[in-house]
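Trainee: Just coords-v9.pdb, nothing more (PDB, C-alpha atoms, pLDDT in the B column):
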```pdb
MODEL        1
ATOM      1  CA  MET A  45      26.540-103.560  52.217  1.00 76.00           C
ATOM      2  CA  LEU A  46      23.823-105.615  53.809  1.00 81.00           C
ATOM      3  CA  VAL A  47      20.789-103.623  54.932  1.00 76.00           C
ATOM      4  CA  LEU A  48      18.272-105.356  57.173  1.00 80.00           C
ATOM      5  CA  SER A  49      14.841-103.932  57.786  1.00 75.00           C
ATOM      6  CA  GLY A  50      11.825-105.251  59.598  1.00 74.00           C
ATOM      7  CA  TYR A  51       8.120-104.724  59.268  1.00 69.00           C
ATOM      8  CA  GLU A  52       5.961-104.162  62.310  1.00 65.00           C
ATOM      9  CA  SER A  53       2.461-105.110  61.220  1.00 62.00           C
ATOM     10  CA  GLY A  54       0.664-103.707  64.273  1.00 65.00           C
ATOM     11  CA  GLU A  55       2.145-100.265  63.652  1.00 66.00           C
ATOM     12  CA  ASN A  56       2.293-100.640  59.846  1.00 65.00           C
ATOM     13  CA  LYS A  57       5.910 -99.422  59.909  1.00 68.00           C
ATOM     14  CA  THR A  58       9.116-100.489  58.262  1.00 69.00           C
ATOM     15  CA  LEU A  59      12.047-100.273  60.656  1.00 73.00           C
ATOM     16  CA  LEU A  60      15.710-100.189  59.692  1.00 75.00           C
ATOM     17  CA  LEU A  61      17.459-102.782  61.834  1.00 80.00           C
ATOM     18  CA  ALA A  62      21.074-102.845  60.675  1.00 82.00           C
ATOM     19  CA  PHE A  63      23.566-101.568  58.152  1.00 81.00           C
ATOM     20  CA  ILE A  64      26.398-104.062  57.807  1.00 86.00           C
ATOM     21  CA  LEU A  65      29.461-103.435  55.666  1.00 85.00           C
ATOM     22  CA  ILE A  66      30.675-106.696  54.194  1.00 88.00           C
ATOM     23  CA  MET A  67      33.919-107.524  52.413  1.00 88.00           C
ATOM     24  CA  ASN A  68      32.404-110.191  50.148  1.00 92.00           C
ATOM     25  CA  GLU A  69      29.139-111.962  49.393  1.00 91.00           C
ATOM     26  CA  LYS A  70      30.188-115.494  50.309  1.00 95.00           C
ATOM     27  CA  LYS A  71      27.845-117.877  52.088  1.00 95.00           C
ATOM     28  CA  GLU A  72      30.208-118.098  55.082  1.00 96.00           C
ATOM     29  CA  THR A  73      30.181-114.310  55.471  1.00 95.00           C
ATOM     30  CA  PHE A  74      26.377-114.203  55.607  1.00 94.00           C
ATOM     31  CA  GLU A  75      26.284-117.206  57.962  1.00 96.00           C
ATOM     32  CA  ASN A  76      28.641-115.456  60.390  1.00 95.00           C
ATOM     33  CA  ILE A  77      26.543-112.286  60.296  1.00 94.00           C
ATOM     34  CA  PHE A  78      23.249-114.114  60.829  1.00 94.00           C
ATOM     35  CA  ILE A  79      24.675-116.273  63.634  1.00 95.00           C
ATOM     36  CA  TYR A  80      26.031-113.162  65.352  1.00 94.00           C
ATOM     37  CA  LEU A  81      22.673-111.350  65.072  1.00 92.00           C
ATOM     38  CA  LYS A  82      20.790-114.427  66.233  1.00 94.00           C
ATOM     39  CA  ASN A  83      22.998-114.968  69.288  1.00 95.00           C
ATOM     40  CA  LYS A  84      23.644-111.354  70.296  1.00 92.00           C
ATOM     41  CA  TYR A  85      20.243-109.774  69.539  1.00 89.00           C
ATOM     42  CA  LYS A  86      17.895-112.788  69.427  1.00 90.00           C
ATOM     43  CA  PHE A  87      17.296-111.997  65.739  1.00 87.00           C
ATOM     44  CA  ASN A  88      14.996-114.757  64.478  1.00 88.00           C
ATOM     45  CA  PRO A  89      12.780-113.619  61.578  1.00 85.00           C
ATOM     46  CA  LYS A  90       9.598-115.487  60.633  1.00 82.00           C
ATOM     47  CA  ASN A  91       9.756-114.185  57.046  1.00 80.00           C
ATOM     48  CA  PHE A  92      12.645-112.883  54.987  1.00 84.00           C
ATOM     49  CA  ILE A  93      12.633-111.160  51.595  1.00 81.00           C
ATOM     50  CA  SER A  94      15.987-111.345  49.826  1.00 82.00           C
ATOM     51  CA  ASP A  95      17.558-110.245  46.590  1.00 80.00           C
ATOM     52  CA  PHE A  96      18.452-113.153  44.343  1.00 80.00           C
ATOM     53  CA  LEU A  97      21.829-113.665  45.966  1.00 84.00           C
ATOM     54  CA  LEU A  98      22.114-117.443  46.345  1.00 86.00           C
ATOM     55  CA  SER A  99      24.900-117.303  48.943  1.00 91.00           C
ATOM     56  CA  GLN A 100      22.681-115.154  51.183  1.00 90.00           C
ATOM     57  CA  ILE A 101      19.685-117.441  50.653  1.00 89.00           C
ATOM     58  CA  GLN A 102      21.742-120.546  51.501  1.00 91.00           C
ATOM     59  CA  ALA A 103      23.022-118.882  54.691  1.00 94.00           C
ATOM     60  CA  LEU A 104      19.493-117.863  55.681  1.00 92.00           C
ATOM     61  CA  LYS A 105      18.253-121.432  55.215  1.00 92.00           C
ATOM     62  CA  LYS A 106      21.082-122.806  57.320  1.00 95.00           C
ATOM     63  CA  VAL A 107      20.857-120.340  60.215  1.00 95.00           C
ATOM     64  CA  PHE A 108      17.085-119.672  60.237  1.00 92.00           C
ATOM     65  CA  PHE A 109      15.801-123.050  59.045  1.00 88.00           C
ATOM     66  CA  ARG A 110      12.203-122.278  60.124  1.00 88.00           C
ATOM     67  CA  CYS A 111      12.126-118.903  58.384  1.00 86.00           C
ATOM     68  CA  ASN A 112       9.981-118.437  55.255  1.00 83.00           C
ATOM     69  CA  ILE A 113      12.410-117.137  52.647  1.00 84.00           C
ATOM     70  CA  HIS A 114      11.220-115.461  49.466  1.00 81.00           C
ATOM     71  CA  CYS A 115      12.874-113.373  46.814  1.00 81.00           C
ATOM     72  CA  CYS A 116      11.971-109.804  46.015  1.00 81.00           C
ATOM     73  CA  PHE A 117       9.103-109.365  43.544  1.00 82.00           C
ATOM     74  CA  PHE A 118      10.433-105.981  42.415  1.00 82.00           C
ATOM     75  CA  HIS A 119      13.869-107.394  41.570  1.00 82.00           C
ATOM     76  CA  TYR A 120      12.262-110.305  39.704  1.00 85.00           C
ATOM     77  CA  SER A 121      10.172-107.887  37.613  1.00 84.00           C
ATOM     78  CA  GLN A 122      13.185-105.658  37.034  1.00 85.00           C
ATOM     79  CA  SER A 123      15.246-108.620  35.810  1.00 87.00           C
ATOM     80  CA  ILE A 124      12.535-109.633  33.352  1.00 87.00           C
ATOM     81  CA  ARG A 125      12.333-106.067  31.987  1.00 85.00           C
ATOM     82  CA  ARG A 126      16.125-105.921  31.633  1.00 88.00           C
ATOM     83  CA  ASN A 127      16.116-109.180  29.720  1.00 89.00           C
ATOM     84  CA  PHE A 128      13.281-107.937  27.513  1.00 85.00           C
ATOM     85  CA  LYS A 129      15.710-105.249  26.381  1.00 85.00           C
ATOM     86  CA  LYS A 130      18.581-107.706  26.064  1.00 90.00           C
ATOM     87  CA  TYR A 131      16.521-109.983  23.801  1.00 88.00           C
ATOM     88  CA  LYS A 132      15.163-106.970  21.880  1.00 84.00           C
ATOM     89  CA  LEU A 133      11.546-107.449  22.908  1.00 82.00           C
ATOM     90  CA  THR A 134      11.019-103.742  23.588  1.00 74.00           C
ATOM     91  CA  GLY A 135      10.614-100.903  21.142  1.00 64.00           C
ATOM     92  CA  LYS A 136       8.107 -99.773  18.551  1.00 60.00           C
ATOM     93  CA  GLY A 137       5.567-102.330  17.455  1.00 55.00           C
ATOM     94  CA  ASN A 138       6.440-104.704  20.319  1.00 54.00           C
ATOM     95  CA  TYR A 139       4.910-102.908  23.250  1.00 54.00           C
ATOM     96  CA  ASP A 140       1.343-104.279  23.442  1.00 61.00           C
ATOM     97  CA  THR A 141       2.153-107.938  22.855  1.00 66.00           C
ATOM     98  CA  ASN A 142       5.281-107.918  24.960  1.00 74.00           C
ATOM     99  CA  TYR A 143       3.665-105.997  27.794  1.00 77.00           C
ATOM    100  CA  GLU A 144       1.050-108.753  27.973  1.00 79.00           C
ATOM    101  CA  LEU A 145       3.885-111.280  28.231  1.00 82.00           C
ATOM    102  CA  LEU A 146       5.554-109.272  31.003  1.00 79.00           C
ATOM    103  CA  LEU A 147       2.304-109.114  32.995  1.00 81.00           C
ATOM    104  CA  ASN A 148       1.733-112.850  32.541  1.00 83.00           C
ATOM    105  CA  LEU A 149       5.231-113.657  33.790  1.00 86.00           C
ATOM    106  CA  ARG A 150       4.767-111.433  36.830  1.00 83.00           C
ATOM    107  CA  VAL A 151       1.534-113.277  37.686  1.00 83.00           C
ATOM    108  CA  LEU A 152       3.519-116.540  37.943  1.00 84.00           C
ATOM    109  CA  CYS A 153       4.643-115.420  41.409  1.00 82.00           C
ATOM    110  CA  PHE A 154       1.084-115.609  42.707  1.00 81.00           C
ATOM    111  CA  VAL A 155      -0.091-118.842  41.057  1.00 82.00           C
ATOM    112  CA  GLU A 156      -0.379-121.925  43.284  1.00 82.00           C
ATOM    113  CA  LYS A 157       3.028-123.634  43.456  1.00 79.00           C
ATOM    114  CA  ASP A 158       1.895-126.868  41.816  1.00 83.00           C
ATOM    115  CA  GLU A 159       0.397-124.928  38.876  1.00 85.00           C
ATOM    116  CA  VAL A 160       3.404-122.713  38.039  1.00 84.00           C
ATOM    117  CA  GLU A 161       4.873-124.952  35.314  1.00 85.00           C
ATOM    118  CA  LEU A 162       1.471-125.513  33.694  1.00 88.00           C
ATOM    119  CA  PHE A 163       0.775-121.758  33.715  1.00 87.00           C
ATOM    120  CA  CYS A 164       4.244-121.069  32.293  1.00 87.00           C
ATOM    121  CA  ASP A 165       3.618-123.556  29.471  1.00 89.00           C
ATOM    122  CA  GLU A 166       0.345-121.759  28.711  1.00 89.00           C
ATOM    123  CA  ILE A 167       2.226-118.454  28.504  1.00 88.00           C
ATOM    124  CA  LYS A 168       4.830-119.969  26.176  1.00 88.00           C
ATOM    125  CA  GLY A 169       1.984-121.306  24.021  1.00 89.00           C
ATOM    126  CA  LYS A 170       0.639-117.762  23.523  1.00 85.00           C
ATOM    127  CA  PHE A 171       4.030-116.428  22.406  1.00 84.00           C
ATOM    128  CA  LYS A 172       5.284-119.004  19.892  1.00 83.00           C
ATOM    129  CA  GLU A 173       7.035-116.595  17.527  1.00 85.00           C
ATOM    130  CA  SER A 174      10.750-117.320  17.070  1.00 88.00           C
ATOM    131  CA  LYS A 175      11.729-113.951  18.544  1.00 86.00           C
ATOM    132  CA  PHE A 176      10.523-115.187  21.962  1.00 88.00           C
ATOM    133  CA  LYS A 177      12.541-118.448  21.988  1.00 91.00           C
ATOM    134  CA  PRO A 178      15.844-117.011  23.321  1.00 92.00           C
ATOM    135  CA  PHE A 179      13.980-115.114  26.030  1.00 91.00           C
ATOM    136  CA  PHE A 180      12.058-118.220  27.148  1.00 90.00           C
ATOM    137  CA  LYS A 181      15.308-120.206  27.204  1.00 91.00           C
ATOM    138  CA  TYR A 182      16.759-117.618  29.596  1.00 90.00           C
ATOM    139  CA  PHE A 183      13.532-117.507  31.627  1.00 89.00           C
ATOM    140  CA  THR A 184      13.284-121.291  32.032  1.00 87.00           C
ATOM    141  CA  ARG A 185      16.963-121.632  32.925  1.00 87.00           C
ATOM    142  CA  THR A 186      16.859-118.809  35.475  1.00 86.00           C
ATOM    143  CA  TRP A 187      13.380-118.746  36.990  1.00 85.00           C
ATOM    144  CA  MET A 188      11.866-122.203  36.654  1.00 83.00           C
ATOM    145  CA  GLY A 189      13.952-123.884  39.332  1.00 73.00           C
ATOM    146  CA  TYR A 190      17.252-124.488  37.580  1.00 72.00           C
ATOM    147  CA  LYS A 191      19.113-121.447  38.898  1.00 74.00           C
ATOM    148  CA  ILE A 192      16.639-119.964  41.422  1.00 74.00           C
ATOM    149  CA  PRO A 193      14.440-122.429  43.336  1.00 75.00           C
ATOM    150  CA  LYS A 194      10.823-121.831  42.289  1.00 74.00           C
ATOM    151  CA  SER A 195       9.644-121.790  45.894  1.00 75.00           C
ATOM    152  CA  LEU A 196      11.652-118.622  46.601  1.00 76.00           C
ATOM    153  CA  LEU A 197       9.742-116.689  43.986  1.00 75.00           C
ATOM    154  CA  ASN A 198       6.258-117.953  44.746  1.00 76.00           C
ATOM    155  CA  PHE A 199       4.051-115.924  47.084  1.00 73.00           C
ATOM    156  CA  SER A 200       0.869-118.037  46.951  1.00 70.00           C
ATOM    157  CA  ASP A 201       1.424-119.410  50.472  1.00 67.00           C
ATOM    158  CA  ILE A 202       1.895-115.880  51.828  1.00 63.00           C
ATOM    159  CA  LEU A 203      -1.350-114.727  50.238  1.00 61.00           C
ATOM    160  CA  GLU A 204      -3.183-117.411  52.198  1.00 61.00           C
ATOM    161  CA  LYS A 205      -1.594-116.158  55.432  1.00 59.00           C
ATOM    162  CA  LYS A 206      -2.317-112.536  54.520  1.00 51.00           C
ATOM    163  CA  GLU A 207      -6.032-113.314  54.575  1.00 47.00           C
ATOM    164  CA  ASN A 208      -5.463-114.134  58.246  1.00 41.00           C
ATOM    165  CA  SER A 209      -4.591-110.448  58.773  1.00 38.00           C
ATOM    166  CA  GLU A 210      -0.821-110.932  58.487  1.00 46.00           C
ATOM    167  CA  ILE A 211       0.622-108.099  56.399  1.00 42.00           C
ATOM    168  CA  PHE A 212       3.580-108.968  54.236  1.00 50.00           C
ATOM    169  CA  HIS A 213       5.794-107.044  51.819  1.00 54.00           C
ATOM    170  CA  PHE A 214       6.591-108.709  48.506  1.00 54.00           C
ATOM    171  CA  THR A 215       9.685-106.588  48.040  1.00 54.00           C
ATOM    172  CA  ASN A 216      12.774-105.406  49.862  1.00 50.00           C
ATOM    173  CA  ILE A 217      12.808-102.171  47.846  1.00 52.00           C
ATOM    174  CA  VAL A 218      12.127-100.193  51.028  1.00 53.00           C
ATOM    175  CA  THR A 219      15.846-100.281  51.838  1.00 56.00           C
ATOM    176  CA  GLU A 220      17.168-100.127  48.274  1.00 58.00           C
ATOM    177  CA  ASN A 221      17.441 -96.321  48.061  1.00 57.00           C
ATOM    178  CA  ILE A 222      19.253 -96.158  51.388  1.00 58.00           C
ATOM    179  CA  ASN A 223      21.641 -98.895  50.266  1.00 58.00           C
ATOM    180  CA  ARG A 224      22.368 -97.118  46.963  1.00 61.00           C
ATOM    181  CA  TYR A 225      22.932 -93.781  48.727  1.00 62.00           C
ATOM    182  CA  LEU A 226      25.342 -95.223  51.297  1.00 60.00           C
ATOM    183  CA  ASN A 227      27.280 -97.176  48.669  1.00 63.00           C
ATOM    184  CA  SER A 228      27.743 -93.987  46.633  1.00 68.00           C
ATOM    185  CA  ARG A 229      29.070 -92.127  49.701  1.00 66.00           C
ATOM    186  CA  LEU A 230      31.521 -94.807  50.839  1.00 62.00           C
ATOM    187  CA  LYS A 231      34.489 -94.380  48.505  1.00 57.00           C
ATOM    188  CA  ARG A 232      36.746 -96.821  50.355  1.00 53.00           C
ATOM    189  CA  ALA A 233      36.484 -99.666  52.822  1.00 48.00           C
ATOM    190  CA  VAL A 234      35.597 -98.572  56.341  1.00 45.00           C
ATOM    191  CA  CYS A 235      36.761-100.365  59.484  1.00 39.00           C
ATOM    192  CA  SER A 236      34.052-101.649  61.744  1.00 40.00           C
ATOM    193  CA  THR A 237      34.027-102.991  65.277  1.00 38.00           C
ATOM    194  CA  PHE A 238      32.986-106.458  64.172  1.00 39.00           C
ATOM    195  CA  LEU A 239      34.774-108.452  61.502  1.00 39.00           C
ATOM    196  CA  PHE A 240      32.789-111.106  59.660  1.00 38.00           C
TER     197      PHE A 240
ENDMDL
END
```
Show how you would write the structure in this file as structure tokens.
Mentor:
Amino acid sequence: MLVLSGYESGENKTLLLAFILIMNEKKETFENIFIYLKNKYKFNPKNFISDFLLSQIQALKKVFFRCNIHCCFFHYSQSIRRNFKKYKLTGKGNYDTNYELLLNLRVLCFVEKDEVELFCDEIKGKFKESKFKPFFKYFTRTWMGYKIPKSLLNFSDILEKKENSEIFHFTNIVTENINRYLNSRLKRAVCSTFLF
């Protein structure tokens, strides 16, 4: 399911715009949906916060080429925490040191774009123990531009705009609970009027 919400800064409200049942998460599927919304409802977002679904991001870039696309800060943080567990960096005796690492990695999203790699190298320099090497291999491969483009995770440009009174959410978590609830209630595929 694709859930689209919008933020109305003047009213300080999040509005649910659409619930779209999709059969797959292919780029072409998202392109068809976005083209339909753009043509039928004049849907043309200035900013878009996405999960880390590359097919959706590629479709957004193609259909809304002037749109500022960023990935969800909450989902980024959640992924890092999950991988902390996977690489056994949580548990007794690890908390203080590893929590500092987690906070440092979260700050990367707000560092100026041209300073991200330098800042990341500084973080790696603080945590040289061998137990951190597998985690940093994962982190570099996934978050430093090899799998996810670094620009999608960096909010420094948005912070500059925010000072000009533009309010911006760094997460799409607003719709996450609704999405989870609806997915749990829909036991089978449901026909819809529009086929994408």
Trainee: Considering all atoms listed in the file, can you say which of A:Arg126, A:Lys157, A:Lys84, A:Lys70 comes closest to Ile101 of chain A?
Mentor: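 Of A:Arg126, A:Lys157, A:Lys84, A:Lys70, the one nearest Ile101 of chain A is A:Lys70, counting all atoms listed in the file.
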Trainee: Give as a ChimeraX atom specification each residue that has an atom at most 12 Å from (8.4, -116.4, 29.5) in the file, counting only C-alpha atoms.
Mentor: /A:121,124-125,127-128,131,133,142-152,160-161,163-172,175-188
Trainee: When you draw a straight line from atom CA of Thr134 of chain A to atom CA of Ser174 of chain A, how long is it in Å?
Mentor: 15.1 Å
Trainee: For the file shown, what are the residues hit by the PyMOL selection byres ((chain A and resi 111) around 9), laid out as a list in words?
Mentor: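 Evaluating the PyMOL selection byres ((chain A and resi 111) around 9) on this file yields Asn88, Pro89, Lys90, Asn91, Phe92, Leu104, Lys105, Phe108, Phe109, Arg110, Asn112 and Ile113 of chain A.
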Trainee: In Å, with one decimal, what is the gap from atom CA of Pro193 of chain A to atom CA of Leu60 of chain A?
Mentor: 27.6 Å
Trainee: Once the PyMOL selection byres ((chain A and resi 74) around 10) has been evaluated on this model, what residues remain selected, and can you format them as a short mmCIF file (atom, residue, chain, number, x, y, z; two decimals) with C-alpha atoms, in the frame of the given file?
Mentor:
```
data_model
loop_
_atom_site.label_atom_id
_atom_site.label_comp_id
_atom_site.auth_asym_id
_atom_site.auth_seq_id
_atom_site.Cartn_x
_atom_site.Cartn_y
_atom_site.Cartn_z
CA LEU A 46 23.82 -105.62 53.81
CA ILE A 66 30.68 -106.70 54.19
CA ASN A 68 32.40 -110.19 50.15
CA GLU A 69 29.14 -111.96 49.39
CA LYS A 70 30.19 -115.49 50.31
CA LYS A 71 27.84 -117.88 52.09
CA GLU A 72 30.21 -118.10 55.08
CA THR A 73 30.18 -114.31 55.47
CA GLU A 75 26.28 -117.21 57.96
CA ASN A 76 28.64 -115.46 60.39
CA ILE A 77 26.54 -112.29 60.30
CA PHE A 78 23.25 -114.11 60.83
CA ILE A 79 24.68 -116.27 63.63
CA TYR A 80 26.03 -113.16 65.35
CA SER A 99 24.90 -117.30 48.94
CA GLN A 100 22.68 -115.15 51.18
CA ILE A 101 19.68 -117.44 50.65
CA GLN A 102 21.74 -120.55 51.50
CA ALA A 103 23.02 -118.88 54.69
CA LEU A 104 19.49 -117.86 55.68
CA VAL A 107 20.86 -120.34 60.22
CA PHE A 240 32.79 -111.11 59.66
#
```
Trainee: I'd like the interatomic distance between atom CA of Lys82 of chain A and atom CA of Leu48 of chain A, to a tenth of an Å.
Mentor: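 Atom-to-atom, atom CA of Lys82 of chain A to atom CA of Leu48 of chain A, that is 13.1 Å.
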Trainee: Could segment 63-94 of chain A be completed with N, CA and C atoms and written as a PDB file, in the coordinates of the input, please?
Mentor:
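In the end it all went to out-v6.pdb:
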```pdb
ATOM      1  N   PHE A  63      22.755-101.799  59.343  1.00 81.00           N
ATOM      2  CA  PHE A  63      23.566-101.568  58.152  1.00 81.00           C
ATOM      3  C   PHE A  63      24.869-102.308  58.412  1.00 81.00           C
ATOM      4  N   ILE A  64      25.208-103.255  57.580  1.00 86.00           N
ATOM      5  CA  ILE A  64      26.398-104.062  57.807  1.00 86.00           C
ATOM      6  C   ILE A  64      27.289-103.994  56.578  1.00 86.00           C
ATOM      7  N   LEU A  65      28.491-103.479  56.754  1.00 85.00           N
ATOM      8  CA  LEU A  65      29.461-103.435  55.666  1.00 85.00           C
ATOM      9  C   LEU A  65      30.107-104.811  55.564  1.00 85.00           C
ATOM     10  N   ILE A  66      30.099-105.369  54.376  1.00 88.00           N
ATOM     11  CA  ILE A  66      30.675-106.696  54.194  1.00 88.00           C
ATOM     12  C   ILE A  66      31.788-106.632  53.150  1.00 88.00           C
ATOM     13  N   MET A  67      32.766-107.504  53.315  1.00 88.00           N
ATOM     14  CA  MET A  67      33.919-107.524  52.413  1.00 88.00           C
ATOM     15  C   MET A  67      33.657-108.373  51.172  1.00 88.00           C
ATOM     16  N   ASN A  68      32.724-109.319  51.281  1.00 92.00           N
ATOM     17  CA  ASN A  68      32.404-110.191  50.148  1.00 92.00           C
ATOM     18  C   ASN A  68      30.977-110.706  50.315  1.00 92.00           C
ATOM     19  N   GLU A  69      30.503-111.433  49.345  1.00 91.00           N
ATOM     20  CA  GLU A  69      29.139-111.962  49.393  1.00 91.00           C
ATOM     21  C   GLU A  69      29.146-113.488  49.429  1.00 91.00           C
ATOM     22  N   LYS A  70      30.083-114.046  50.172  1.00 95.00           N
ATOM     23  CA  LYS A  70      30.188-115.494  50.309  1.00 95.00           C
ATOM     24  C   LYS A  70      29.186-115.997  51.344  1.00 95.00           C
ATOM     25  N   LYS A  71      28.793-117.249  51.171  1.00 95.00           N
ATOM     26  CA  LYS A  71      27.845-117.877  52.088  1.00 95.00           C
ATOM     27  C   LYS A  71      28.352-117.812  53.530  1.00 95.00           C
ATOM     28  N   GLU A  72      29.631-118.086  53.738  1.00 96.00           N
ATOM     29  CA  GLU A  72      30.208-118.098  55.082  1.00 96.00           C
ATOM     30  C   GLU A  72      30.110-116.713  55.734  1.00 96.00           C
ATOM     31  N   THR A  73      30.284-115.672  54.940  1.00 95.00           N
ATOM     32  CA  THR A  73      30.181-114.310  55.471  1.00 95.00           C
ATOM     33  C   THR A  73      28.774-114.055  55.995  1.00 95.00           C
ATOM     34  N   PHE A  74      27.769-114.399  55.183  1.00 94.00           N
ATOM     35  CA  PHE A  74      26.377-114.203  55.607  1.00 94.00           C
ATOM     36  C   PHE A  74      26.036-115.088  56.810  1.00 94.00           C
ATOM     37  N   GLU A  75      26.535-116.326  56.818  1.00 96.00           N
ATOM     38  CA  GLU A  75      26.284-117.206  57.962  1.00 96.00           C
ATOM     39  C   GLU A  75      26.816-116.575  59.248  1.00 96.00           C
ATOM     40  N   ASN A  76      28.041-116.072  59.200  1.00 95.00           N
ATOM     41  CA  ASN A  76      28.641-115.456  60.390  1.00 95.00           C
ATOM     42  C   ASN A  76      27.826-114.253  60.865  1.00 95.00           C
ATOM     43  N   ILE A  77      27.364-113.450  59.937  1.00 94.00           N
ATOM     44  CA  ILE A  77      26.543-112.286  60.296  1.00 94.00           C
ATOM     45  C   ILE A  77      25.233-112.730  60.940  1.00 94.00           C
ATOM     46  N   PHE A  78      24.548-113.675  60.314  1.00 94.00           N
ATOM     47  CA  PHE A  78      23.249-114.114  60.829  1.00 94.00           C
ATOM     48  C   PHE A  78      23.391-114.817  62.181  1.00 94.00           C
ATOM     49  N   ILE A  79      24.440-115.603  62.347  1.00 95.00           N
ATOM     50  CA  ILE A  79      24.675-116.273  63.634  1.00 95.00           C
ATOM     51  C   ILE A  79      24.938-115.231  64.716  1.00 95.00           C
ATOM     52  N   TYR A  80      25.744-114.236  64.393  1.00 94.00           N
ATOM     53  CA  TYR A  80      26.031-113.162  65.352  1.00 94.00           C
ATOM     54  C   TYR A  80      24.733-112.449  65.760  1.00 94.00           C
ATOM     55  N   LEU A  81      23.931-112.059  64.777  1.00 92.00           N
ATOM     56  CA  LEU A  81      22.673-111.350  65.072  1.00 92.00           C
ATOM     57  C   LEU A  81      21.710-112.224  65.874  1.00 92.00           C
ATOM     58  N   LYS A  82      21.674-113.491  65.539  1.00 94.00           N
ATOM     59  CA  LYS A  82      20.790-114.427  66.233  1.00 94.00           C
ATOM     60  C   LYS A  82      21.208-114.582  67.696  1.00 94.00           C
ATOM     61  N   ASN A  83      22.508-114.755  67.926  1.00 95.00           N
ATOM     62  CA  ASN A  83      22.998-114.968  69.288  1.00 95.00           C
ATOM     63  C   ASN A  83      23.016-113.689  70.123  1.00 95.00           C
ATOM     64  N   LYS A  84      23.471-112.609  69.547  1.00 92.00           N
ATOM     65  CA  LYS A  84      23.644-111.354  70.296  1.00 92.00           C
ATOM     66  C   LYS A  84      22.317-110.622  70.515  1.00 92.00           C
ATOM     67  N   TYR A  85      21.467-110.587  69.476  1.00 89.00           N
ATOM     68  CA  TYR A  85      20.243-109.774  69.539  1.00 89.00           C
ATOM     69  C   TYR A  85      18.952-110.589  69.446  1.00 89.00           C
ATOM     70  N   LYS A  86      19.073-111.898  69.522  1.00 90.00           N
ATOM     71  CA  LYS A  86      17.895-112.788  69.427  1.00 90.00           C
ATOM     72  C   LYS A  86      17.134-112.553  68.118  1.00 90.00           C
ATOM     73  N   PHE A  87      17.873-112.231  67.067  1.00 87.00           N
ATOM     74  CA  PHE A  87      17.296-111.997  65.739  1.00 87.00           C
ATOM     75  C   PHE A  87      16.836-113.334  65.179  1.00 87.00           C
ATOM     76  N   ASN A  88      15.542-113.493  64.970  1.00 88.00           N
ATOM     77  CA  ASN A  88      14.996-114.757  64.478  1.00 88.00           C
ATOM     78  C   ASN A  88      13.744-114.467  63.648  1.00 88.00           C
ATOM     79  N   PRO A  89      13.928-114.036  62.397  1.00 85.00           N
ATOM     80  CA  PRO A  89      12.780-113.619  61.578  1.00 85.00           C
ATOM     81  C   PRO A  89      11.867-114.782  61.191  1.00 85.00           C
ATOM     82  N   LYS A  90      10.565-114.500  61.126  1.00 82.00           N
ATOM     83  CA  LYS A  90       9.598-115.487  60.633  1.00 82.00           C
ATOM     84  C   LYS A  90       9.594-115.517  59.105  1.00 82.00           C
ATOM     85  N   ASN A  91       9.753-114.332  58.505  1.00 80.00           N
ATOM     86  CA  ASN A  91       9.756-114.185  57.046  1.00 80.00           C
ATOM     87  C   ASN A  91      10.964-113.355  56.648  1.00 80.00           C
ATOM     88  N   PHE A  92      11.484-113.631  55.464  1.00 84.00           N
ATOM     89  CA  PHE A  92      12.645-112.883  54.987  1.00 84.00           C
ATOM     90  C   PHE A  92      12.515-112.703  53.483  1.00 84.00           C
ATOM     91  N   ILE A  93      12.627-111.465  53.019  1.00 81.00           N
ATOM     92  CA  ILE A  93      12.633-111.160  51.595  1.00 81.00           C
ATOM     93  C   ILE A  93      14.070-110.820  51.215  1.00 81.00           C
ATOM     94  N   SER A  94      14.593-111.503  50.220  1.00 82.00           N
ATOM     95  CA  SER A  94      15.987-111.345  49.826  1.00 82.00           C
ATOM     96  C   SER A  94      16.086-110.959  48.357  1.00 82.00           C
TER      97      SER A  94
END
```
